[in-house]
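K.L.:
Input file: final28.pdb. Contents: PDB, C-alpha atoms.
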```pdb
ATOM      1  CA  PRO A  17      18.364 -47.430 -65.154
ATOM      2  CA  LYS A  18      18.943 -43.777 -65.945
ATOM      3  CA  LYS A  19      22.400 -43.105 -67.323
ATOM      4  CA  PRO A  20      24.524 -40.270 -65.944
ATOM      5  CA  LEU A  21      24.944 -37.187 -68.064
ATOM      6  CA  ARG A  22      28.091 -36.597 -70.073
ATOM      7  CA  ASN A  23      31.153 -35.488 -68.045
ATOM      8  CA  GLN A  24      29.377 -36.563 -64.824
ATOM      9  CA  THR A  25      30.761 -39.410 -62.800
ATOM     10  CA  PRO A  26      28.696 -41.164 -60.169
ATOM     11  CA  THR A  27      29.912 -40.540 -56.623
ATOM     12  CA  SER A  28      29.524 -42.633 -53.495
ATOM     13  CA  PRO A  29      29.741 -41.454 -49.899
ATOM     14  CA  ASN A  30      32.907 -42.124 -47.975
ATOM     15  CA  PRO A  31      31.846 -43.852 -44.763
ATOM     16  CA  HIS A  32      35.306 -43.491 -43.220
ATOM     17  CA  ALA A  33      35.357 -39.698 -43.680
ATOM     18  CA  THR A  34      31.869 -39.322 -42.226
ATOM     19  CA  THR A  35      32.699 -41.460 -39.226
ATOM     20  CA  MET A  36      35.951 -39.601 -38.589
ATOM     21  CA  THR A  37      34.257 -36.182 -38.753
ATOM     22  CA  SER A  38      31.464 -37.248 -36.416
ATOM     23  CA  PHE A  39      33.896 -38.836 -33.994
ATOM     24  CA  LEU A  40      36.067 -35.712 -33.714
ATOM     25  CA  SER A  41      33.053 -33.446 -33.424
ATOM     26  CA  ALA A  42      31.355 -35.605 -30.827
ATOM     27  CA  THR A  43      34.507 -36.117 -28.775
ATOM     28  CA  ALA A  44      35.203 -32.387 -28.700
ATOM     29  CA  ALA A  45      31.588 -31.717 -27.750
ATOM     30  CA  VAL A  46      31.691 -34.123 -24.817
ATOM     31  CA  ARG A  47      35.124 -33.124 -23.537
ATOM     32  CA  SER A  48      34.411 -29.409 -23.837
ATOM     33  CA  ARG A  49      31.546 -29.800 -21.397
ATOM     34  CA  ASN A  50      31.287 -31.626 -18.110
ATOM     35  CA  GLY A  51      33.485 -34.704 -18.678
ATOM     36  CA  GLU A  52      32.915 -37.710 -20.888
ATOM     37  CA  LYS A  53      29.447 -38.789 -19.755
ATOM     38  CA  CYS A  54      27.302 -35.751 -19.057
ATOM     39  CA  LEU A  55      26.485 -32.285 -20.318
ATOM     40  CA  PRO A  56      25.730 -29.243 -18.117
ATOM     41  CA  ILE A  57      22.201 -27.898 -18.324
ATOM     42  CA  HIS A  58      21.737 -24.281 -17.254
ATOM     43  CA  ASN A  59      18.319 -23.191 -16.046
ATOM     44  CA  SER A  60      16.669 -20.979 -13.462
ATOM     45  CA  GLU A  61      16.528 -23.842 -10.965
ATOM     46  CA  GLY A  62      20.317 -24.131 -10.740
ATOM     47  CA  GLY A  63      22.948 -26.360 -12.349
ATOM     48  CA  ALA A  64      22.113 -29.842 -13.613
ATOM     49  CA  THR A  65      23.475 -32.452 -16.040
ATOM     50  CA  ILE A  66      22.041 -34.605 -18.770
ATOM     51  CA  SER A  67      23.389 -37.980 -19.906
ATOM     52  CA  VAL A  68      24.920 -38.492 -23.363
ATOM     53  CA  SER A  69      25.975 -41.498 -25.381
ATOM     54  CA  PHE A  70      28.152 -41.983 -28.445
ATOM     55  CA  ASP A  71      27.612 -44.809 -30.913
ATOM     56  CA  GLY A  72      30.730 -44.164 -32.992
ATOM     57  CA  GLN A  73      28.983 -41.830 -35.391
ATOM     58  CA  ASN A  74      26.466 -39.627 -33.551
ATOM     59  CA  LEU A  75      26.384 -38.075 -30.119
ATOM     60  CA  ALA A  76      22.955 -38.818 -28.623
ATOM     61  CA  ILE A  77      21.506 -36.588 -25.907
ATOM     62  CA  GLY A  78      18.719 -37.613 -23.556
ATOM     63  CA  THR A  79      17.727 -38.521 -20.044
ATOM     64  CA  GLY A  80      16.264 -41.994 -20.596
ATOM     65  CA  LYS A  81      17.510 -45.324 -21.844
ATOM     66  CA  TYR A  82      16.766 -44.342 -25.436
ATOM     67  CA  PRO A  83      17.844 -40.770 -26.120
ATOM     68  CA  THR A  84      15.709 -39.006 -28.695
ATOM     69  CA  ALA A  85      17.965 -36.146 -29.775
ATOM     70  CA  SER A  86      21.288 -36.233 -31.548
ATOM     71  CA  TYR A  87      24.100 -33.704 -31.635
ATOM     72  CA  HIS A  88      25.843 -33.267 -34.982
ATOM     73  CA  ASP A  89      27.950 -30.116 -34.608
ATOM     74  CA  ASP A  90      30.172 -28.432 -32.059
ATOM     75  CA  VAL A  91      28.159 -25.249 -31.580
ATOM     76  CA  GLY A  92      26.073 -26.166 -28.536
ATOM     77  CA  ILE A  93      23.204 -28.318 -27.413
ATOM     78  CA  ASP A  94      19.638 -27.522 -28.351
ATOM     79  CA  HIS A  95      18.056 -26.392 -25.117
ATOM     80  CA  GLY A  96      14.618 -26.644 -26.651
ATOM     81  CA  ILE A  97      15.119 -30.371 -27.146
ATOM     82  CA  THR A  98      16.513 -30.998 -23.693
ATOM     83  CA  GLN A  99      13.536 -29.183 -22.091
ATOM     84  CA  ALA A 100      15.865 -26.908 -20.131
ATOM     85  CA  PRO A 101      15.651 -23.522 -21.852
ATOM     86  CA  TRP A 102      17.777 -20.544 -20.942
ATOM     87  CA  GLU A 103      15.857 -17.828 -19.139
ATOM     88  CA  ARG A 104      16.700 -14.318 -20.250
ATOM     89  CA  ARG A 105      15.035 -11.428 -18.461
ATOM     90  CA  PHE A 106      15.454  -7.687 -18.505
ATOM     91  CA  SER A 107      13.992  -5.134 -16.140
ATOM     92  CA  PRO A 108      14.622  -1.394 -16.370
ATOM     93  CA  TYR A 109      14.192  -1.178 -12.611
ATOM     94  CA  GLU A 110      16.257  -2.388  -9.694
ATOM     95  CA  PHE A 111      15.422  -1.986  -6.039
ATOM     96  CA  ASN A 112      18.481  -0.688  -4.210
ATOM     97  CA  GLY A 113      16.805  -0.504  -0.834
ATOM     98  CA  GLY A 114      16.986   2.222   1.764
ATOM     99  CA  THR A 115      14.613   4.001   4.114
ATOM    100  CA  THR A 116      13.671   7.667   4.446
ATOM    101  CA  LEU A 117      11.756   9.480   7.172
ATOM    102  CA  ALA A 118      10.568  13.079   7.515
ATOM    103  CA  ILE A 119       8.856  14.773  10.480
ATOM    104  CA  SER A 120       7.486  18.299  10.643
ATOM    105  CA  GLY A 121       7.510  20.572  13.701
ATOM    106  CA  LYS A 122       6.211  24.004  14.585
ATOM    107  CA  ASP A 123       9.233  25.841  13.136
ATOM    108  CA  TYR A 124      11.393  23.064  11.730
ATOM    109  CA  ALA A 125      11.387  19.843   9.742
ATOM    110  CA  VAL A 126      13.615  16.817  10.238
ATOM    111  CA  VAL A 127      14.397  14.486   7.354
ATOM    112  CA  ALA A 128      16.587  11.406   7.615
ATOM    113  CA  ALA A 129      17.714   8.455   5.496
ATOM    114  CA  ASP A 130      20.131   5.580   5.855
ATOM    115  CA  THR A 131      23.284   5.384   3.735
ATOM    116  CA  ARG A 132      23.242   1.738   2.621
ATOM    117  CA  LEU A 133      23.000   0.892  -1.103
ATOM    118  CA  SER A 134      22.031  -2.720  -1.769
ATOM    119  CA  SER A 135      21.224  -5.047  -4.631
ATOM    120  CA  GLY A 136      19.641  -8.321  -3.616
ATOM    121  CA  TYR A 137      21.839  -9.744  -0.860
ATOM    122  CA  GLU A 138      24.829  -7.584  -1.793
ATOM    123  CA  ILE A 139      25.833  -4.297  -0.185
ATOM    124  CA  LEU A 140      27.149  -2.105  -2.998
ATOM    125  CA  SER A 141      28.033   0.871  -0.818
ATOM    126  CA  ARG A 142      27.774   1.921   2.817
ATOM    127  CA  ASN A 143      28.040   5.659   2.209
ATOM    128  CA  ILE A 144      25.406   6.776  -0.310
ATOM    129  CA  SER A 145      23.299   9.804   0.593
ATOM    130  CA  LYS A 146      19.572   9.547  -0.092
ATOM    131  CA  LEU A 147      18.966  13.185   0.860
ATOM    132  CA  HIS A 148      19.202  15.940  -1.709
ATOM    133  CA  PRO A 149      18.794  19.639  -0.777
ATOM    134  CA  LEU A 150      16.787  21.464  -3.439
ATOM    135  CA  THR A 151      16.880  24.862  -1.714
ATOM    136  CA  GLU A 152      18.191  26.159   1.613
ATOM    137  CA  LYS A 153      14.766  25.389   3.081
ATOM    138  CA  CYS A 154      13.779  22.188   1.306
ATOM    139  CA  VAL A 155      15.270  18.671   1.119
ATOM    140  CA  LEU A 156      14.212  15.687  -0.978
ATOM    141  CA  GLY A 157      14.599  12.181   0.431
ATOM    142  CA  SER A 158      14.432   9.306  -2.050
ATOM    143  CA  ALA A 159      14.801   5.531  -1.801
ATOM    144  CA  GLY A 160      14.397   2.901  -4.507
ATOM    145  CA  CYS A 161      16.279   2.535  -7.775
ATOM    146  CA  LYS A 162      19.508   4.545  -7.597
ATOM    147  CA  THR A 163      19.610   5.398 -11.298
ATOM    148  CA  ASP A 164      16.024   6.663 -11.281
ATOM    149  CA  VAL A 165      16.683   8.685  -8.143
ATOM    150  CA  ASP A 166      19.720  10.313  -9.760
ATOM    151  CA  GLN A 167      17.748  11.100 -12.911
ATOM    152  CA  LEU A 168      14.894  12.596 -10.890
ATOM    153  CA  ARG A 169      17.322  14.769  -8.959
ATOM    154  CA  SER A 170      18.873  16.034 -12.184
ATOM    155  CA  VAL A 171      15.501  16.963 -13.641
ATOM    156  CA  LEU A 172      14.470  18.774 -10.461
ATOM    157  CA  ASP A 173      17.774  20.659 -10.248
ATOM    158  CA  ILE A 174      17.339  21.903 -13.807
ATOM    159  CA  LYS A 175      13.816  23.098 -13.093
ATOM    160  CA  MET A 176      14.956  24.808  -9.907
ATOM    161  CA  LYS A 177      17.694  26.687 -11.773
ATOM    162  CA  VAL A 178      15.301  27.777 -14.508
ATOM    163  CA  TYR A 179      12.877  29.095 -11.878
ATOM    164  CA  ALA A 180      15.666  30.919 -10.029
ATOM    165  CA  HIS A 181      16.885  32.582 -13.249
ATOM    166  CA  ASN A 182      13.372  33.621 -14.287
ATOM    167  CA  HIS A 183      12.140  34.878 -10.912
ATOM    168  CA  ARG A 184      15.396  35.927  -9.232
ATOM    169  CA  LYS A 185      14.518  33.981  -6.072
ATOM    170  CA  PRO A 186      14.462  30.353  -4.904
ATOM    171  CA  MET A 187      11.264  28.373  -5.142
ATOM    172  CA  ALA A 188       9.111  28.148  -2.015
ATOM    173  CA  THR A 189       8.651  24.749  -0.388
ATOM    174  CA  PRO A 190       4.927  24.333  -1.319
ATOM    175  CA  SER A 191       5.835  25.212  -4.915
ATOM    176  CA  VAL A 192       8.631  22.630  -4.886
ATOM    177  CA  ALA A 193       6.120  20.069  -3.643
ATOM    178  CA  GLN A 194       3.798  20.827  -6.542
ATOM    179  CA  MET A 195       6.652  20.763  -9.056
ATOM    180  CA  LEU A 196       7.777  17.356  -7.792
ATOM    181  CA  GLY A 197       4.224  16.042  -8.110
ATOM    182  CA  ASN A 198       4.011  17.322 -11.687
ATOM    183  CA  THR A 199       7.409  15.842 -12.576
ATOM    184  CA  LEU A 200       6.400  12.415 -11.300
ATOM    185  CA  TYR A 201       3.032  12.608 -13.049
ATOM    186  CA  TYR A 202       4.648  13.398 -16.422
ATOM    187  CA  LYS A 203       6.391  10.016 -16.134
ATOM    188  CA  ARG A 204       3.263   8.095 -15.104
ATOM    189  CA  PHE A 205       3.466   5.692 -18.077
ATOM    190  CA  PHE A 206       7.079   4.781 -17.244
ATOM    191  CA  PRO A 207       7.420   5.990 -13.628
ATOM    192  CA  TYR A 208      10.547   6.798 -11.735
ATOM    193  CA  TYR A 209      11.153   3.872  -9.382
ATOM    194  CA  ALA A 210      11.740   6.265  -6.504
ATOM    195  CA  PHE A 211       9.918   6.555  -3.181
ATOM    196  CA  ASN A 212       9.998  10.209  -2.210
ATOM    197  CA  VAL A 213       9.432  12.386   0.828
ATOM    198  CA  LEU A 214       9.860  16.146   0.786
ATOM    199  CA  ALA A 215      10.637  18.153   3.903
ATOM    200  CA  GLY A 216      11.173  21.852   4.505
ATOM    201  CA  VAL A 217       9.743  25.017   5.986
ATOM    202  CA  ASP A 218       7.100  27.129   4.250
ATOM    203  CA  SER A 219       6.918  30.912   3.842
ATOM    204  CA  GLU A 220       5.470  31.234   7.364
ATOM    205  CA  GLY A 221       8.399  29.340   8.873
ATOM    206  CA  LYS A 222       6.334  26.269   9.747
ATOM    207  CA  GLY A 223       7.600  22.755   9.120
ATOM    208  CA  ALA A 224       6.173  21.030   6.076
ATOM    209  CA  VAL A 225       6.384  17.368   5.048
ATOM    210  CA  TYR A 226       4.908  15.952   1.832
ATOM    211  CA  SER A 227       4.252  12.295   1.069
ATOM    212  CA  TYR A 228       4.204  10.985  -2.529
ATOM    213  CA  ASP A 229       3.226   7.929  -4.483
ATOM    214  CA  ALA A 230       5.034   6.771  -7.628
ATOM    215  CA  ILE A 231       3.084   8.966 -10.068
ATOM    216  CA  GLY A 232       2.922  12.250  -8.219
ATOM    217  CA  SER A 233      -0.124  12.148  -5.978
ATOM    218  CA  PHE A 234       0.912  13.902  -2.756
ATOM    219  CA  GLU A 235      -0.373  15.374   0.489
ATOM    220  CA  ARG A 236       0.984  17.387   3.364
ATOM    221  CA  THR A 237       1.303  15.222   6.461
ATOM    222  CA  PRO A 238       2.815  15.456   9.972
ATOM    223  CA  PHE A 239       5.351  12.808   8.978
ATOM    224  CA  SER A 240       6.152  10.499   6.095
ATOM    225  CA  ALA A 241       8.283   7.407   5.624
ATOM    226  CA  SER A 242       9.243   5.543   2.475
ATOM    227  CA  GLY A 243      11.474   2.734   1.274
ATOM    228  CA  SER A 244      12.195  -0.768   2.485
ATOM    229  CA  GLY A 245      11.801   0.060   6.191
ATOM    230  CA  GLN A 246       8.589   2.030   5.813
ATOM    231  CA  SER A 247       6.387  -0.576   7.488
ATOM    232  CA  PHE A 248       8.578  -0.532  10.606
ATOM    233  CA  LEU A 249       8.654   3.257  10.990
ATOM    234  CA  ILE A 250       5.045   4.273  10.335
ATOM    235  CA  PRO A 251       3.466   2.460  13.341
ATOM    236  CA  LEU A 252       6.075   4.007  15.633
ATOM    237  CA  MET A 253       5.495   7.480  14.185
ATOM    238  CA  ASP A 254       1.720   7.078  14.521
ATOM    239  CA  ASN A 255       2.220   6.579  18.227
ATOM    240  CA  VAL A 256       5.034   9.018  19.001
ATOM    241  CA  ILE A 257       4.439  11.843  16.496
ATOM    242  CA  SER A 258       0.738  11.701  15.618
ATOM    243  CA  HIS A 259      -0.141  10.641  19.192
ATOM    244  CA  LYS A 260      -2.785   8.189  18.010
ATOM    245  CA  ASN A 261      -4.529   5.961  20.571
ATOM    246  CA  ARG A 262      -2.847   7.688  23.501
ATOM    247  CA  LEU A 263      -4.493   9.242  26.532
ATOM    248  CA  ASP A 264      -1.663  11.508  27.674
ATOM    249  CA  GLU A 265      -1.530  15.110  26.535
ATOM    250  CA  LYS A 266       0.112  15.784  23.197
ATOM    251  CA  ARG A 267       2.835  18.406  23.272
ATOM    252  CA  ASP A 268       5.025  20.084  20.706
ATOM    253  CA  LEU A 269       8.373  18.335  20.432
ATOM    254  CA  GLU A 270      11.602  20.235  20.048
ATOM    255  CA  ALA A 271      13.875  19.449  17.123
ATOM    256  CA  GLU A 272      16.439  17.776  19.397
ATOM    257  CA  GLU A 273      13.806  15.404  20.749
ATOM    258  CA  VAL A 274      12.668  14.512  17.241
ATOM    259  CA  VAL A 275      16.255  13.766  16.228
ATOM    260  CA  GLU A 276      16.549  11.271  19.099
ATOM    261  CA  ILE A 277      13.266   9.666  18.041
ATOM    262  CA  VAL A 278      14.582   9.380  14.492
ATOM    263  CA  LYS A 279      17.751   7.662  15.699
ATOM    264  CA  ASP A 280      15.756   5.127  17.715
ATOM    265  CA  ALA A 281      13.430   4.529  14.769
ATOM    266  CA  PHE A 282      16.285   3.735  12.401
ATOM    267  CA  ILE A 283      17.911   1.453  14.970
ATOM    268  CA  THR A 284      14.589  -0.404  15.114
ATOM    269  CA  ALA A 285      14.244  -0.593  11.322
ATOM    270  CA  GLY A 286      17.839  -1.759  10.938
ATOM    271  CA  GLU A 287      17.165  -4.731  13.206
ATOM    272  CA  ARG A 288      14.407  -6.030  10.931
ATOM    273  CA  ASP A 289      15.285  -4.757   7.452
ATOM    274  CA  ILE A 290      18.470  -5.943   5.778
ATOM    275  CA  TYR A 291      18.391  -3.004   3.340
ATOM    276  CA  THR A 292      18.577  -0.407   6.138
ATOM    277  CA  GLY A 293      21.840   0.099   7.978
ATOM    278  CA  ASP A 294      25.394   1.441   8.216
ATOM    279  CA  ALA A 295      24.477   5.039   9.104
ATOM    280  CA  VAL A 296      21.580   7.459   9.162
ATOM    281  CA  GLU A 297      21.989  10.935   7.732
ATOM    282  CA  ILE A 298      19.819  13.530   9.500
ATOM    283  CA  MET A 299      19.035  17.062   8.349
ATOM    284  CA  ILE A 300      17.279  19.647  10.504
ATOM    285  CA  ILE A 301      15.688  22.321   8.323
ATOM    286  CA  ARG A 302      14.892  25.761   9.732
ATOM    287  CA  SER A 303      14.281  29.171   8.230
ATOM    288  CA  ASP A 304      17.944  30.077   8.684
ATOM    289  CA  GLY A 305      19.312  26.974   6.954
ATOM    290  CA  ILE A 306      20.027  23.260   7.200
ATOM    291  CA  GLN A 307      21.908  21.499   9.978
ATOM    292  CA  LYS A 308      23.380  18.063   9.240
ATOM    293  CA  GLU A 309      24.192  15.122  11.497
ATOM    294  CA  LEU A 310      25.432  11.577  10.878
ATOM    295  CA  PHE A 311      24.547   8.751  13.266
ATOM    296  CA  GLN A 312      26.213   5.371  12.915
ATOM    297  CA  LEU A 313      24.098   2.210  12.726
ATOM    298  CA  LYS A 314      25.264  -1.401  12.769
ATOM    299  CA  ALA A 315      27.112  -2.512   9.643
ATOM    300  CA  ASP A 316      25.772  -6.072   9.342
TER     301      ASP A 316
END
```
Take the structure in the file and give it back as structure tokens.
P.N.:
Amino acid sequence: PKKPLRNQTPTSPNPHATTMTSFLSATAAVRSRNGEKCLPIHNSEGGATISVSFDGQNLAIGTGKYPTASYHDDVGIDHGITQAPWERRFSPYEFNGGTTLAISGKDYAVVAADTRLSSGYEILSRNISKLHPLTEKCVLGSAGCKTDVDQLRSVLDIKMKVYAHNHRKPMATPSVAQMLGNTLYYKRFFPYYAFNVLAGVDSEGKGAVYSYDAIGSFERTPFSASGSGQSFLIPLMDNVISHKNRLDEKRDLEAEEVVEIVKDAFITAGERDIYTGDAVEIMIIRSDGIQKELFQLKAD
């Protein structure tokens, strides 16, 4: 046999020390979790447990009669071994709900939006405005991700101020519509998660409503709706505003009549959409300014 080198003494393991260390570590590991006989397993399906056993030296983890994995430290279980991995996700977007509606008339435009701010099944606020006046004749309505909506508003406000300083006059409503389309298109590779409608009166005093997609494509329409309650409002507006598939004579509606239609539409949407509710904020835009009204909806 090979002799040890000079000044080197053979060593032997201490079974008592090893057993004591493993026992303390294993006992702490079991007791620090879900009792003496099971460990909590966290996954996307909800809480669960996995059986453990201790043979005096090692803490074995497994679901069958013969566990295949052993735990040797007090850091945490190996979720790869237990087949219950943690799920970690990140999304830059969040849908905070809300519904907007805009209707144009012969010399006015009406734009409305509910005031509920939601996240999943939680109501974060019951008094958040989704309408943002850009000029005295133009209002932006936005639903979707609150942070993206706020950022979009900030960018538009800056551009409006620059235009006003350079030209010594506010931007006309058709020009605002084009600017909004350009702003959304510049962010087409990482779009604003905002569903926009633009309402106002043009230079001739006629009502104007513009409908947008996420990356800036837009068109001038008699009405537009966006947000979580869009699918409930558009069929109603097709019938009442656009007069589609009706045999009676179409007439020009006064602003007061349109406001009542808007109230009924949001009551209808609130019955079917959990993200629409609390109150509806209504703005009537004319050449001489903006008139505001708040109509209460149900709070559940």
K.L.:
A:Glu287, A:Asp164, A:Asp316, A:Asp304: which is nearest Leu249 in chain A, counting all atoms listed in the file?
P.N.:
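Result for the nearest residue to Leu249 in chain A: A:Glu287.
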K.L.:
Can you work out which one of A:Gln312, A:Ser120, A:Asn112, A:Thr131 has the shortest atom-to-atom distance to Ala271 in chain A, counting all atoms listed in the file?
P.N.:
A:Ser120
K.L.:
Considering only C-alpha atoms, state which residue in the set A:Thr163, A:Ser145, A:Asn182, A:Ser233 is at the smallest distance from Arg204 in chain A.
P.N.:
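With only C-alpha atoms as the atom set, the closest residue is A:Ser233.
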K.L.:
Hey, can you check how far CA of Ile231 in chain A sits from CA of Val165 in chain A?
P.N.:
13.7 Å
K.L.:
Find the distance between CA of Gly286 in chain A and CA of Gly121 in chain A and write it in Å to one decimal.
P.N.:
24.8 Å
K.L.:
Write out as JSON lines a residue-level contact list of range 88-181 of chain A versus range 209-215 of chain A with cut-off 7 Å: for each qualifying residue the closest pair of atoms and the distance in Å to one decimal, counting all atoms listed in the file, rows sorted by chain and residue number upward.
P.N.:
```
{"residue": "A:Tyr109", "atom": "CA", "partner": "A:Tyr209", "partner_atom": "CA", "distance": 6.7}
{"residue": "A:Ala118", "atom": "CA", "partner": "A:Ala215", "partner_atom": "CA", "distance": 6.2}
{"residue": "A:Ala125", "atom": "CA", "partner": "A:Ala215", "partner_atom": "CA", "distance": 6.1}
{"residue": "A:Val127", "atom": "CA", "partner": "A:Ala215", "partner_atom": "CA", "distance": 6.3}
{"residue": "A:Cys154", "atom": "CA", "partner": "A:Ala215", "partner_atom": "CA", "distance": 5.7}
{"residue": "A:Val155", "atom": "CA", "partner": "A:Ala215", "partner_atom": "CA", "distance": 5.4}
{"residue": "A:Leu156", "atom": "CA", "partner": "A:Leu214", "partner_atom": "CA", "distance": 4.7}
{"residue": "A:Gly157", "atom": "CA", "partner": "A:Val213", "partner_atom": "CA", "distance": 5.2}
{"residue": "A:Ser158", "atom": "CA", "partner": "A:Asn212", "partner_atom": "CA", "distance": 4.5}
{"residue": "A:Ala159", "atom": "CA", "partner": "A:Phe211", "partner_atom": "CA", "distance": 5.2}
{"residue": "A:Gly160", "atom": "CA", "partner": "A:Ala210", "partner_atom": "CA", "distance": 4.7}
{"residue": "A:Cys161", "atom": "CA", "partner": "A:Tyr209", "partner_atom": "CA", "distance": 5.5}
{"residue": "A:Asp164", "atom": "CA", "partner": "A:Tyr209", "partner_atom": "CA", "distance": 5.9}
{"residue": "A:Val165", "atom": "CA", "partner": "A:Ala210", "partner_atom": "CA", "distance": 5.7}
```
K.L.:
When you count all atoms listed in the file, which of these residues is closest to Pro149 in chain A: A:Met176, A:Ile290, A:Leu133, A:Ala241?
P.N.:
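Using all atoms listed in the file, the shortest distance to Pro149 in chain A belongs to A:Met176.
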K.L.:
Residues near Leu140 in chain A, anyone? I mean within 12 Å using all atoms listed in the file, not counting same-chain ones fewer than 3 positions away, as an MDAnalysis selection string.
P.N.:
chainID A and resid 112:113 131:137 143:144 162 291 294
K.L.:
Starting from the point (7.1, 12.8, 8.0), work out which residues of protein, DNA or RNA have an atom no more than 7 Å away when counting all atoms listed in the file; state them as a ChimeraX atom specification.
P.N.:
/A:117-120,225,237-241
K.L.:
I need the residues from that last selection saved to file as a PDB file, in the coordinates of the input (with C-alpha atoms), if you can.
P.N.:
```
ATOM      1  CA  LEU A 117      11.756   9.480   7.172  1.00  0.00           C
ATOM      2  CA  ALA A 118      10.568  13.079   7.515  1.00  0.00           C
ATOM      3  CA  ILE A 119       8.856  14.773  10.480  1.00  0.00           C
ATOM      4  CA  SER A 120       7.486  18.299  10.643  1.00  0.00           C
ATOM      5  CA  VAL A 225       6.384  17.368   5.048  1.00  0.00           C
ATOM      6  CA  THR A 237       1.303  15.222   6.461  1.00  0.00           C
ATOM      7  CA  PRO A 238       2.815  15.456   9.972  1.00  0.00           C
ATOM      8  CA  PHE A 239       5.351  12.808   8.978  1.00  0.00           C
ATOM      9  CA  SER A 240       6.152  10.499   6.095  1.00  0.00           C
ATOM     10  CA  ALA A 241       8.283   7.407   5.624  1.00  0.00           C
TER      11      ALA A 241
END
```
K.L.:
Please report, as lines of an AutoDock Vina configuration file, the centre and edge lengths in Å to one decimal of an axis-aligned box covering all listed atoms of range 274-278 of chain A with 3 Å per side.
P.N.:
```
center_x = 14.6
center_y = 11.9
center_z = 16.8
size_x = 9.9
size_y = 11.1
size_z = 10.6
```
K.L.:
Going by the chain IDs and residue numbers used in this file, which residues fall under the PyMOL selection byres ((chain A and resi 282-285) around 8)? Write them as a VMD selection string.
P.N.:
chain A and resid 130 245 248 to 249 278 to 281 286 to 289 292 to 293 296 313
K.L.:
Residues around (17.6, 22.2, -2.3), cut-off 12 Å, counting all atoms listed in the file - what are they as a PyMOL selection string?
P.N.:
chain A and resi 147-157+169-170+172-177+180+186-189+192-193+214-217+299+301+305-306
K.L.:
Taking all atoms listed in the file into account, which of A:Glu272, A:Pro207, A:Ala295, A:Ser242 comes nearest Lys314 in chain A?
P.N.:
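Going through A:Glu272, A:Pro207, A:Ala295, A:Ser242 one by one, the smallest distance to Lys314 in chain A is for A:Ala295.
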K.L.:
Which value, in Å to one decimal, gives the distance between CA of Thr199 in chain A and CA of Arg236 in chain A?
P.N.:
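Between CA of Thr199 in chain A and CA of Arg236 in chain A the gap is 17.3 Å.
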K.L.:
Select, from A:Thr116, A:Glu270, A:Ser107, A:His259, the residue with the minimum atom-to-atom distance to Glu297 in chain A, counting all atoms listed in the file.
P.N.:
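Of A:Thr116, A:Glu270, A:Ser107, A:His259, the one nearest Glu297 in chain A is A:Thr116, counting all atoms listed in the file.
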